[in-house]
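Here is the file input_18.txt (compact mmCIF, C-alpha atoms).
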# COMPACT_ATOMS: atom_id res chain seq x y z
CA MET G 1 22.58 -76.92 10.57
CA VAL G 2 20.98 -75.30 13.63
CA LYS G 3 17.59 -73.87 12.82
CA GLN G 4 17.38 -70.09 13.11
CA SER G 5 14.55 -68.96 15.35
CA ARG G 6 12.47 -65.86 14.93
CA ALA G 7 14.22 -64.40 17.99
CA ASP G 8 17.66 -64.88 16.39
CA ARG G 9 16.93 -63.05 13.16
CA PRO G 10 17.33 -59.29 12.60
CA SER G 11 14.26 -57.37 13.66
CA SER G 12 12.28 -54.72 11.79
CA ARG G 13 11.88 -52.88 15.09
CA PRO G 14 13.78 -49.61 15.53
CA PRO G 15 17.30 -50.09 16.92
CA ALA G 16 17.62 -49.97 20.70
CA PRO G 17 18.78 -46.57 21.99
CA ALA G 18 22.45 -46.22 22.88
CA ALA G 19 21.56 -45.78 26.56
CA ALA G 20 18.85 -48.41 26.88
CA THR G 21 17.15 -49.56 30.04
CA CYS G 22 17.48 -53.13 31.27
CA VAL G 23 15.47 -54.91 33.93
CA ILE G 24 17.62 -57.59 35.56
CA VAL G 25 15.78 -60.71 36.69
CA GLY G 26 17.77 -62.38 39.46
CA HIS G 27 20.26 -60.42 41.55
CA GLY G 28 22.81 -63.04 42.50
CA VAL G 29 26.51 -62.76 41.69
CA MET G 30 26.01 -62.82 37.91
CA GLY G 31 23.12 -60.37 38.04
CA ARG G 32 25.22 -57.89 40.02
CA ILE G 33 28.27 -58.27 37.77
CA GLN G 34 26.21 -57.92 34.61
CA GLY G 35 24.35 -54.90 35.96
CA ALA G 36 27.63 -53.15 36.74
CA LYS G 37 29.03 -53.91 33.27
CA LEU G 38 25.86 -52.69 31.56
CA ALA G 39 26.03 -49.48 33.58
CA GLU G 40 29.59 -48.93 32.28
CA LEU G 41 28.14 -49.25 28.78
CA GLY G 42 25.48 -46.62 29.44
CA VAL G 43 22.55 -48.94 30.19
CA ARG G 44 20.31 -47.91 33.09
CA THR G 45 18.58 -50.43 35.36
CA PRO G 46 15.05 -49.20 36.23
CA ALA G 47 14.26 -52.27 38.36
CA VAL G 48 15.63 -55.59 39.60
CA VAL G 49 13.40 -58.62 40.07
CA ASP G 50 14.37 -60.74 43.07
CA PRO G 51 11.76 -62.32 45.38
CA GLY G 52 14.25 -62.58 48.25
CA ARG G 53 14.81 -58.81 48.36
CA ALA G 54 11.42 -57.53 47.25
CA GLY G 55 10.52 -54.09 48.56
CA THR G 56 14.11 -53.01 49.15
CA THR G 57 16.23 -50.51 47.28
CA LEU G 58 19.79 -51.20 46.14
CA ALA G 59 22.62 -48.87 47.14
CA SER G 60 22.49 -47.54 43.58
CA GLY G 61 18.88 -46.47 44.15
CA VAL G 62 17.37 -49.22 41.98
CA PRO G 63 14.10 -50.64 43.40
CA VAL G 64 13.75 -54.41 43.83
CA VAL G 65 10.41 -56.02 43.05
CA GLY G 66 9.32 -59.56 43.89
CA SER G 67 8.01 -60.63 40.49
CA LEU G 68 7.94 -59.58 36.86
CA ASP G 69 4.39 -58.36 37.36
CA GLY G 70 5.83 -55.72 39.69
CA VAL G 71 7.80 -54.06 36.87
CA ARG G 72 6.17 -50.81 35.80
CA ALA G 73 5.26 -50.37 32.13
CA PRO G 74 6.93 -53.63 31.02
CA ARG G 75 6.43 -52.92 27.31
CA SER G 76 8.50 -49.74 27.62
CA VAL G 77 11.52 -51.58 29.04
CA GLY G 78 14.47 -51.53 26.60
CA LEU G 79 15.99 -54.87 27.54
CA TRP G 80 15.44 -57.74 29.94
CA SER G 81 18.28 -59.83 31.33
CA ILE G 82 17.63 -63.29 32.80
CA CYS G 83 20.22 -64.01 35.51
CA THR G 84 18.27 -66.54 37.55
CA PRO G 85 19.39 -70.14 38.19
CA THR G 86 19.27 -72.15 34.95
CA ALA G 87 16.26 -74.21 35.99
CA ALA G 88 14.13 -71.03 36.06
CA HIS G 89 15.19 -69.63 32.66
CA ALA G 90 12.33 -71.10 30.63
CA GLU G 91 9.66 -69.95 33.06
CA VAL G 92 11.11 -66.43 33.31
CA PHE G 93 11.29 -66.21 29.51
CA ARG G 94 7.64 -67.33 29.33
CA GLN G 95 6.64 -64.56 31.77
CA ILE G 96 8.57 -61.92 29.83
CA GLY G 97 6.82 -63.06 26.65
CA ARG G 98 3.46 -62.67 28.40
CA LEU G 99 4.20 -59.15 29.66
CA ALA G 100 6.22 -57.86 26.70
CA PRO G 101 5.92 -60.05 23.56
CA GLU G 102 8.37 -57.87 21.61
CA ALA G 103 10.97 -57.68 24.36
CA ASP G 104 14.68 -57.92 23.58
CA VAL G 105 16.19 -60.41 26.01
CA ILE G 106 19.67 -61.27 27.28
CA MET G 107 19.81 -64.77 28.77
CA GLU G 108 22.58 -66.06 31.00
CA LYS G 109 24.13 -69.34 29.90
CA PRO G 110 23.24 -72.20 29.80
CA VAL G 111 20.06 -71.23 27.96
CA CYS G 112 17.97 -73.75 29.89
CA VAL G 113 18.05 -77.20 31.45
CA PRO G 114 17.90 -80.08 28.92
CA GLU G 115 14.31 -81.01 29.73
CA ASP G 116 13.15 -77.49 28.80
CA VAL G 117 14.82 -77.47 25.38
CA PRO G 118 11.65 -78.32 23.37
CA GLU G 119 9.58 -75.69 25.15
CA MET G 120 12.31 -73.09 24.88
CA CYS G 121 12.58 -73.69 21.13
CA ARG G 122 8.81 -73.32 20.78
CA MET G 123 8.86 -70.01 22.66
CA LEU G 124 11.76 -68.72 20.59
CA ASP G 125 9.81 -69.48 17.42
CA VAL G 126 6.94 -67.21 18.44
CA HIS G 127 8.81 -64.50 20.36
CA SER G 128 8.75 -61.22 18.42
CA GLY G 129 11.76 -59.66 20.12
CA ARG G 130 15.43 -60.53 19.81
CA VAL G 131 17.20 -62.96 22.14
CA VAL G 132 20.92 -63.29 22.75
CA VAL G 133 22.82 -65.47 25.22
CA ASP G 134 25.40 -64.11 27.62
CA GLU G 135 28.03 -66.70 26.68
CA HIS G 136 30.84 -64.21 26.95
CA TYR G 137 33.69 -66.54 25.99
CA LEU G 138 32.34 -66.26 22.46
CA SER G 139 33.74 -62.72 22.59
CA SER G 140 37.06 -63.39 24.31
CA ALA G 141 40.24 -62.10 22.66
CA VAL G 142 42.23 -65.16 23.75
CA PRO G 143 40.97 -67.77 21.23
CA GLU G 144 41.21 -65.14 18.50
CA ALA G 145 44.88 -64.53 19.36
CA VAL G 146 45.62 -68.27 19.59
CA ALA G 147 44.08 -68.87 16.16
CA ALA G 148 46.03 -65.98 14.64
CA ALA G 149 49.28 -67.40 16.02
CA VAL G 150 48.51 -70.85 14.62
CA LEU G 151 47.59 -69.43 11.21
CA SER G 152 50.94 -67.61 11.09
CA VAL G 153 52.79 -70.97 11.11
CA PRO G 154 53.59 -72.00 7.50
CA GLY G 155 51.69 -75.15 6.55
CA ALA G 156 50.40 -75.75 10.07
CA THR G 157 48.39 -78.92 10.69
CA VAL G 158 46.51 -78.78 13.99
CA THR G 159 46.84 -82.12 15.79
CA ARG G 160 45.52 -81.41 19.27
CA VAL G 161 43.32 -78.87 21.05
CA VAL G 162 42.86 -78.68 24.81
CA VAL G 163 40.44 -76.32 26.56
CA GLU G 164 40.45 -76.26 30.36
CA MET G 165 38.38 -74.31 32.87
CA THR G 166 39.37 -75.13 36.45
CA LYS G 167 38.75 -73.45 39.80
CA HIS G 168 37.89 -74.65 43.29
CA ARG G 169 34.18 -73.88 43.56
CA GLY G 170 33.73 -75.44 47.00
CA LEU G 171 32.98 -72.19 48.79
CA ASP G 172 30.63 -71.07 46.02
CA ARG G 173 28.80 -74.40 46.10
CA ALA G 174 28.47 -74.18 49.89
CA ARG G 175 26.62 -70.92 49.25
CA GLY G 176 24.28 -72.61 46.79
CA ARG G 177 26.00 -71.69 43.51
CA PHE G 178 27.07 -73.95 40.67
CA GLU G 179 24.88 -76.94 41.50
CA ASP G 180 23.54 -78.17 38.17
CA ARG G 181 21.36 -81.22 38.77
CA ALA G 182 21.03 -81.99 35.06
CA LEU G 183 24.55 -81.55 33.67
CA GLY G 184 26.71 -81.66 36.80
CA ALA G 185 30.13 -80.04 36.42
CA LEU G 186 29.47 -79.60 32.70
CA GLY G 187 26.50 -77.37 33.46
CA TYR G 188 28.66 -74.47 34.59
CA GLU G 189 31.88 -74.72 32.59
CA GLY G 190 30.67 -76.87 29.69
CA PRO G 191 29.13 -73.98 27.71
CA HIS G 192 32.35 -71.99 28.20
CA LEU G 193 34.46 -74.89 26.90
CA LEU G 194 32.30 -75.21 23.79
CA ALA G 195 32.24 -71.44 23.24
CA VAL G 196 36.05 -71.27 23.20
CA LEU G 197 36.13 -74.21 20.80
CA ASP G 198 33.58 -72.45 18.57
CA VAL G 199 35.64 -69.28 18.28
CA LEU G 200 38.85 -71.21 17.64
CA GLY G 201 37.29 -73.38 14.92
CA ARG G 202 35.66 -70.40 13.23
CA ARG G 203 38.95 -68.48 13.19
CA LEU G 204 40.91 -71.49 11.94
CA GLY G 205 38.29 -72.22 9.29
CA ALA G 206 37.99 -75.84 10.40
CA SER G 207 35.25 -77.68 12.26
CA LEU G 208 36.26 -78.88 15.71
CA ALA G 209 33.03 -80.82 16.21
CA PRO G 210 33.24 -84.52 17.12
CA ALA G 211 33.42 -86.98 14.23
CA SER G 212 33.99 -89.96 16.52
CA PRO G 213 32.14 -91.09 19.66
CA ALA G 214 33.23 -88.93 22.59
CA THR G 215 34.56 -90.30 25.84
CA CYS G 216 33.12 -88.48 28.85
CA ALA G 217 34.62 -89.09 32.29
CA LEU G 218 32.88 -87.42 35.22
CA ASP G 219 34.66 -86.79 38.52
CA GLY G 220 32.84 -87.35 41.79
CA PRO G 221 29.85 -89.34 43.06
CA TRP G 222 26.52 -89.59 41.27
CA GLY G 223 23.66 -88.19 43.33
CA PRO G 224 21.05 -90.46 44.94
CA ASP G 225 18.54 -88.97 42.50
CA GLY G 226 20.74 -89.88 39.54
CA SER G 227 22.13 -86.38 39.13
CA PRO G 228 25.63 -86.28 37.60
CA PRO G 229 28.83 -85.59 39.58
CA GLN G 230 29.63 -81.98 40.41
CA ASP G 231 33.40 -82.23 40.90
CA GLY G 232 34.65 -82.26 37.32
CA ALA G 233 34.53 -83.70 33.83
CA GLU G 234 36.74 -84.50 30.86
CA VAL G 235 35.53 -85.09 27.33
CA SER G 236 37.75 -86.30 24.49
CA TYR G 237 37.12 -87.09 20.82
CA ARG G 238 38.55 -86.68 17.32
CA THR G 239 37.39 -84.33 14.59
CA ALA G 240 36.81 -85.22 10.93
CA ARG G 241 40.42 -84.21 10.21
CA GLY G 242 41.77 -86.43 12.97
CA CYS G 243 42.52 -83.65 15.43
CA GLU G 244 42.28 -84.74 19.07
CA VAL G 245 40.09 -82.48 21.21
CA VAL G 246 40.14 -82.54 25.02
CA LEU G 247 37.73 -80.50 27.15
CA HIS G 248 38.46 -80.47 30.88
CA THR G 249 36.92 -78.83 33.91
CA SER G 250 37.39 -79.29 37.63
CA LEU G 251 35.26 -77.56 40.23
CA VAL G 252 37.47 -78.92 43.03
CA GLY G 253 40.65 -77.26 41.82
CA ARG G 254 42.41 -80.13 40.06
CA PRO G 255 44.20 -78.88 36.93
CA ARG G 256 44.63 -81.37 34.13
CA THR G 257 48.42 -81.09 34.01
CA ARG G 258 50.53 -82.13 36.97
CA SER G 259 52.80 -79.14 36.38
CA GLN G 260 50.00 -76.92 37.67
CA PRO G 261 49.46 -76.81 41.46
CA SER G 262 46.06 -77.76 42.84
CA ILE G 263 43.79 -74.85 43.72
CA PRO G 264 42.76 -74.85 47.41
CA TYR G 265 39.27 -74.41 48.84
CA GLY G 266 38.29 -70.74 49.06
CA SER G 267 40.99 -69.55 46.65
CA ARG G 268 40.10 -67.08 43.90
CA ARG G 269 42.83 -68.55 41.68
CA ARG G 270 41.75 -70.16 38.43
CA HIS G 271 43.38 -72.12 35.62
CA ARG G 272 41.66 -71.39 32.32
CA VAL G 273 43.63 -72.13 29.19
CA LEU G 274 43.36 -72.93 25.50
CA GLN G 275 46.25 -74.91 24.04
CA VAL G 276 46.75 -75.82 20.41
CA GLU G 277 49.42 -78.19 19.10
CA ALA G 278 50.37 -78.23 15.43
CA THR G 279 53.13 -79.38 13.10
CA ASP G 280 54.49 -77.29 10.25
CA ARG G 281 55.57 -78.47 6.80
CA GLU G 282 59.15 -79.01 8.03
CA GLY G 283 58.06 -81.21 10.93
CA HIS G 284 58.52 -78.68 13.74
CA VAL G 285 56.07 -79.04 16.63
CA TRP G 286 54.33 -75.86 17.74
CA ARG G 287 52.41 -75.29 20.94
CA VAL G 288 50.32 -72.14 21.28
CA THR G 289 48.81 -71.47 24.71
CA GLY G 290 46.35 -68.77 25.59
CA ALA G 291 45.52 -68.14 29.26
CA PHE G 292 42.31 -66.44 30.37
CA ALA G 293 42.86 -64.02 33.27
CA PRO G 294 46.10 -65.60 34.52
CA THR G 295 46.43 -65.06 38.27
CA ARG G 296 49.93 -63.62 38.18
CA LEU G 297 48.69 -60.61 36.26
CA GLY G 298 46.26 -59.72 39.02
CA ASP G 299 43.77 -58.43 36.47
CA ARG G 300 40.79 -60.40 35.16
CA ASP G 301 40.62 -58.12 32.12
CA ARG G 302 43.87 -59.47 30.69
CA GLY G 303 45.12 -62.72 29.20
CA THR G 304 48.40 -64.08 27.88
CA LEU G 305 49.64 -65.78 24.73
CA ALA G 306 52.71 -68.04 24.66
CA VAL G 307 54.20 -69.70 21.56
CA LEU G 308 56.70 -72.56 21.66
CA ARG G 309 58.42 -74.30 18.76
CA ASP G 310 59.93 -77.70 19.52
CA GLY G 311 59.52 -76.90 23.21
CA LEU G 312 61.38 -73.57 23.12
CA PRO G 313 59.65 -70.19 23.55
CA LEU G 314 60.02 -67.84 20.61
CA ALA G 315 59.46 -64.77 22.78
CA PRO G 316 58.19 -63.85 26.27
CA PRO G 317 54.43 -64.41 26.74
CA GLN G 318 52.38 -61.64 25.19
CA VAL G 319 49.88 -59.81 27.39
CA LEU G 320 46.41 -59.47 25.85
CA HIS G 321 43.66 -57.05 26.79
CA ASP G 322 40.68 -59.32 27.34
CA ASP G 323 37.43 -58.43 29.06
CA PRO G 324 35.13 -61.18 27.73
CA LEU G 325 31.99 -60.03 29.54
CA GLY G 326 32.45 -56.37 28.66
CA ARG G 327 33.29 -57.22 25.04
CA HIS G 328 30.31 -59.55 24.78
CA LEU G 329 27.81 -57.12 26.28
CA GLY G 330 29.12 -54.44 23.92
CA ARG G 331 28.50 -56.75 20.97
CA ILE G 332 25.03 -57.54 22.32
CA LEU G 333 24.12 -53.85 22.50
CA ARG G 334 25.43 -53.31 18.97
CA TYR G 335 23.29 -56.26 17.84
CA PHE G 336 20.22 -54.75 19.46
CA GLY G 337 21.16 -51.44 17.85
CA GLY G 338 21.21 -53.05 14.40
CA ASP G 339 24.98 -52.70 13.92
CA GLU G 340 26.17 -56.31 14.33
CA PRO G 341 24.89 -59.88 13.88
CA ASN G 342 23.71 -61.80 16.92
CA PRO G 343 26.95 -62.79 18.74
CA ALA G 344 25.32 -65.71 20.57
CA PRO G 345 22.03 -66.93 19.03
CA ALA G 346 19.85 -68.84 21.45
CA ARG G 347 19.42 -71.80 19.09
CA HIS G 348 23.17 -72.17 18.74
CA CYS G 349 23.63 -72.18 22.50
CA ILE G 350 20.75 -74.63 22.90
CA ALA G 351 22.69 -76.98 20.61
CA HIS G 352 25.52 -76.75 23.15
CA VAL G 353 23.12 -77.78 25.93
CA ALA G 354 21.94 -80.75 23.86
CA LEU G 355 25.54 -81.87 23.18
CA LEU G 356 26.50 -81.60 26.86
CA HIS G 357 23.38 -83.57 27.79
CA GLN G 358 24.35 -86.26 25.28
CA TRP G 359 27.80 -86.58 26.85
CA VAL G 360 26.38 -86.76 30.37
CA SER G 361 23.88 -89.42 29.25
CA THR G 362 26.74 -91.45 27.76
CA ALA G 363 28.64 -91.22 31.05
CA ARG G 364 25.50 -92.22 32.98
CA THR G 365 25.07 -95.33 30.83
CA ALA G 366 28.73 -96.25 31.33
CA ALA G 367 28.45 -95.72 35.10
CA ALA G 368 25.33 -97.90 35.25
CA GLY G 369 27.17 -100.63 33.33
CA ARG G 370 30.10 -100.54 35.74
CA ALA G 371 27.75 -100.74 38.70
CA ALA G 372 25.98 -103.75 37.17
CA VAL G 373 29.19 -105.76 36.88
CA ARG G 374 30.71 -104.70 40.20
CA PRO G 375 31.54 -107.80 42.26
CA ALA G 376 29.74 -108.27 45.54
CA ALA G 377 31.64 -107.21 48.67
Let's see the structure in the file written out as structure tokens.
Amino acid sequence: MVKQSRADRPSSRPPAPAAATCVIVGHGVMGRIQGAKLAELGVRTPAVVDPGRAGTTLASGVPVVGSLDGVRAPRSVGLWSICTPTAAHAEVFRQIGRLAPEADVIMEKPVCVPEDVPEMCRMLDVHSGRVVVDEHYLSSAVPEAVAAAVLSVPGATVTRVVVEMTKHRGLDRARGRFEDRALGALGYEGPHLLAVLDVLGRRLGASLAPASPATCALDGPWGPDGSPPQDGAEVSYRTARGCEVVLHTSLVGRPRTRSQPSIPYGSRRRHRVLQVEATDREGHVWRVTGAFAPTRLGDRDRGTLAVLRDGLPLAPPQVLHDDPLGRHLGRILRYFGGDEPNPAPARHCIAHVALLHQWVSTARTAAAGRAAVRPAA
């Protein structure tokens, strides 16, 4: 069982006001998207912290300061949101704790790099405020709908689960995004893959955690410094009930199934799906597929659900309303307001980081073994 930190537990502090303030630390793509979503939910941004734009004012009128020390009256800030690169999360959290020990904090996923896990856990243990992770796939409607469809099958036995998150991130990486030197391709999409699996398992009432050694195949070259490949990864294992689980991601646009076309460099298209296979008590084979923001809908706030029995669709795909980030931030605000449990406890998400690190370490050992036995040219 994952230990519950002080920052994960309900607080005796008064609930956060409905229209709280939130200082956003880091104003890259995620910081801008999150700020816009929070504004839709009635949260005002009194300041943004970004050293590269210090002294400027955003088009919205929000001032940008170069460091956390530049934030006025830090103890009066309603919320803080950490949207910096992952490697800086622990240090930013330390600075927030110094300026505002009782601060409520939203932290972008992954919580931290693996080497900072011990220190992050220590800080969580002493932090007086509440901390929640912006792992928004924990709030997606798609895995909930997939689980409901599976549970509606009489006597269903789940035999296989596949979660895939694929997009061509070449242009993003050329701009300095999505380079995780500790976890490689699993650093960006890995937490999402595990979050989807979490929701599905919780809804099905069955653990989807590995009960057998996992196989982790990484796509692309290892860095000269030993950093893992950035192109993609696939992890497979079996659960205690014998269910096969496959987690796949490609940051160079290579979907797992050949029936899906490759995604070209610079394209905004993505292939993000959850697929569950099951057999019913009469031996029929069911395949339930949920798609996150399918491109053909032209709307990232929608998903689809398709159900096949013995390879034949029972009905046209169902369109789902799904705004994972908006749903998740809404749950976060309700948590801070005292109306809902923590939707993404930091300790739980740290356990995801540790598991991803374990898989990458296994792949590194296997790669080193292959290199050791490689015949001379």
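Distances from G:His328, G:His321, G:Arg268, G:Arg238 to Thr159 in chain G were compared using all atoms listed in the file, and the smallest one belongs to G:Arg238.
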For this session: Do a neighbour search on Val162 in chain G at 10 Å with all atoms listed in the file, toss out local chain neighbours closer than 5 positions, and write the hits as a list in words.
Result: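 Using all atoms listed in the file, the neighbours found are Leu193, Leu197, Ser236, Glu244, Val245, Val246, Leu247, His248, Arg256, Val273, Leu274, Gln275, Val276, Glu277 and Thr289 of chain G.
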For this session: For Glu40 in chain G, please output as a list of chain:residue names all residues within 12 Å (counting all atoms listed in the file; exclusion window: fewer than 6 positions along the same chain).
Result: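 Within the cut-off, the hits are G:Ala19, G:Ile33, G:Gln34, G:Leu325, G:Gly326, G:Arg327, G:Leu329, G:Gly330.
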Exercise. Between G:Gly242, G:Pro229, G:Gly170, G:Pro46, which has the minimum distance to Thr157 in chain G (counting all atoms listed in the file)?
Worked result: G:Gly242
Need the shell around range 364-367 of chain G: protein/DNA/RNA residues with any atom at most 10 Å away, counting only C-alpha atoms. Skip same-chain ones fewer than 4 positions apart. Format as a PDB file with C-alpha atoms, in the frame of the given file?
ATOM      1  CA  THR G 215      34.560 -90.300  25.840  1.00  0.00           C
ATOM      2  CA  CYS G 216      33.120 -88.480  28.850  1.00  0.00           C
ATOM      3  CA  ALA G 217      34.620 -89.090  32.290  1.00  0.00           C
ATOM      4  CA  LEU G 218      32.880 -87.420  35.220  1.00  0.00           C
ATOM      5  CA  TRP G 222      26.520 -89.590  41.270  1.00  0.00           C
ATOM      6  CA  GLY G 226      20.740 -89.880  39.540  1.00  0.00           C
ATOM      7  CA  SER G 227      22.130 -86.380  39.130  1.00  0.00           C
ATOM      8  CA  PRO G 228      25.630 -86.280  37.600  1.00  0.00           C
ATOM      9  CA  PRO G 229      28.830 -85.590  39.580  1.00  0.00           C
ATOM     10  CA  GLN G 358      24.350 -86.260  25.280  1.00  0.00           C
ATOM     11  CA  TRP G 359      27.800 -86.580  26.850  1.00  0.00           C
ATOM     12  CA  VAL G 360      26.380 -86.760  30.370  1.00  0.00           C
ATOM     13  CA  ALA G 371      27.750-100.740  38.700  1.00  0.00           C
ATOM     14  CA  ALA G 372      25.980-103.750  37.170  1.00  0.00           C
TER      15      ALA G 372
END
Problem set entry | Separation of CA of Leu68 in chain G from CA of His127 in chain G in Å | 17.2 Å
Exercise. How far is it from CA of Val29 in chain G to CA of Ser76 in chain G, in Å with one decimal?
Worked result: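 Atom-to-atom, CA of Val29 in chain G and CA of Ser76 in chain G are spaced 26.3 Å apart.
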Problem set entry | Option closest in space to Leu251 in chain G, from G:Glu115, G:Asp104, G:Asp231, G:Glu340 [counting all atoms listed in the file] | G:Asp231
For this session: Give me, please, the distance in Å between CA of Val158 in chain G and CA of Leu194 in chain G, quoted to one decimal.
Result: 17.6 Å
Problem set entry | Closest of G:Gly66, G:Pro224, G:Gly55, G:Pro110 to Leu183 in chain G - atom-to-atom distances counting all atoms listed in the file |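 Closest residue, counting all atoms listed in the file: G:Pro110.
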Problem set entry | Pick from G:Leu320, G:Ala293, G:Val252, G:Leu305 nearest to Leu171 in chain G, counting all atoms listed in the file | G:Val252
Problem set entry | Near-Thr84 in chain G list (9 Å; all atoms listed in the file; drop same-chain fewer than 2 positions) as a list in words |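 Result of the neighbour search: Val25, Gly26, His27, Gly28, Met30, Gly31, Asp50, Ile82, Thr86, Ala87, Ala88, His89, Val92 and Glu108 of chain G.
With distances restricted to only C-alpha atoms, G:Ala147 is the closest residue to Arg202 in chain G from G:Ala147, G:Val105, G:Ala233, G:Ala73.
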Taking 3 positions as the minimum chain separation for residues in the same chain, which residues sit within 10 Å of Ser262 in chain G when counting only C-alpha atoms? Answer as an mmCIF file with C-alpha atoms, in the frame of the given file.
data_model
loop_
_atom_site.group_PDB
_atom_site.id
_atom_site.type_symbol
_atom_site.label_atom_id
_atom_site.label_comp_id
_atom_site.auth_asym_id
_atom_site.auth_seq_id
_atom_site.Cartn_x
_atom_site.Cartn_y
_atom_site.Cartn_z
ATOM 1 C CA THR G 166 39.370 -75.130 36.450
ATOM 2 C CA LYS G 167 38.750 -73.450 39.800
ATOM 3 C CA HIS G 168 37.890 -74.650 43.290
ATOM 4 C CA VAL G 252 37.470 -78.920 43.030
ATOM 5 C CA GLY G 253 40.650 -77.260 41.820
ATOM 6 C CA ARG G 254 42.410 -80.130 40.060
ATOM 7 C CA PRO G 255 44.200 -78.880 36.930
ATOM 8 C CA ARG G 256 44.630 -81.370 34.130
ATOM 9 C CA THR G 257 48.420 -81.090 34.010
ATOM 10 C CA ARG G 258 50.530 -82.130 36.970
ATOM 11 C CA SER G 259 52.800 -79.140 36.380
ATOM 12 C CA TYR G 265 39.270 -74.410 48.840
ATOM 13 C CA ARG G 269 42.830 -68.550 41.680
ATOM 14 C CA ARG G 270 41.750 -70.160 38.430
ATOM 15 C CA HIS G 271 43.380 -72.120 35.620
#
For this session: Would you list the residues near (48.7, -70.4, 11.5), meaning any protein, DNA or RNA residue with an atom at most 12 Å from that point in file coordinates, counting all atoms listed in the file, as a list in words?
Result: Glu144, Ala145, Val146, Ala147, Ala148, Ala149, Val150, Leu151, Ser152, Val153, Pro154, Gly155, Ala156, Thr157, Val158, Leu200, Arg203, Leu204, Gly205, Val276, Glu277, Ala278, Thr279, Asp280, Arg281, Trp286, Arg287, Val288 and Val307 of chain G
Please dump the current selection as a JSON list (two decimals), keeping the file's coordinate frame; keep C-alpha atoms.
[["chain", "number", "residue", "atom", "x", "y", "z"],
["G", 144, "GLU", "CA", 41.21, -65.14, 18.50],
["G", 145, "ALA", "CA", 44.88, -64.53, 19.36],
["G", 146, "VAL", "CA", 45.62, -68.27, 19.59],
["G", 147, "ALA", "CA", 44.08, -68.87, 16.16],
["G", 148, "ALA", "CA", 46.03, -65.98, 14.64],
["G", 149, "ALA", "CA", 49.28, -67.40, 16.02],
["G", 150, "VAL", "CA", 48.51, -70.85, 14.62],
["G", 151, "LEU", "CA", 47.59, -69.43, 11.21],
["G", 152, "SER", "CA", 50.94, -67.61, 11.09],
["G", 153, "VAL", "CA", 52.79, -70.97, 11.11],
["G", 154, "PRO", "CA", 53.59, -72.00, 7.50],
["G", 155, "GLY", "CA", 51.69, -75.15, 6.55],
["G", 156, "ALA", "CA", 50.40, -75.75, 10.07],
["G", 157, "THR", "CA", 48.39, -78.92, 10.69],
["G", 158, "VAL", "CA", 46.51, -78.78, 13.99],
["G", 200, "LEU", "CA", 38.85, -71.21, 17.64],
["G", 203, "ARG", "CA", 38.95, -68.48, 13.19],
["G", 204, "LEU", "CA", 40.91, -71.49, 11.94],
["G", 205, "GLY", "CA", 38.29, -72.22, 9.29],
["G", 276, "VAL", "CA", 46.75, -75.82, 20.41],
["G", 277, "GLU", "CA", 49.42, -78.19, 19.10],
["G", 278, "ALA", "CA", 50.37, -78.23, 15.43],
["G", 279, "THR", "CA", 53.13, -79.38, 13.10],
["G", 280, "ASP", "CA", 54.49, -77.29, 10.25],
["G", 281, "ARG", "CA", 55.57, -78.47, 6.80],
["G", 286, "TRP", "CA", 54.33, -75.86, 17.74],
["G", 287, "ARG", "CA", 52.41, -75.29, 20.94],
["G", 288, "VAL", "CA", 50.32, -72.14, 21.28],
["G", 307, "VAL", "CA", 54.20, -69.70, 21.56]]
Using 3 Å of padding on each side, determine the axis-aligned box around all atoms of range 17-36 of chain G present in the file and give its centre and edge lengths in Å to one decimal, as lines of an AutoDock Vina configuration file.
center_x = 21.9
center_y = -54.4
center_z = 32.2
size_x = 18.8
size_y = 23.3
size_z = 26.5
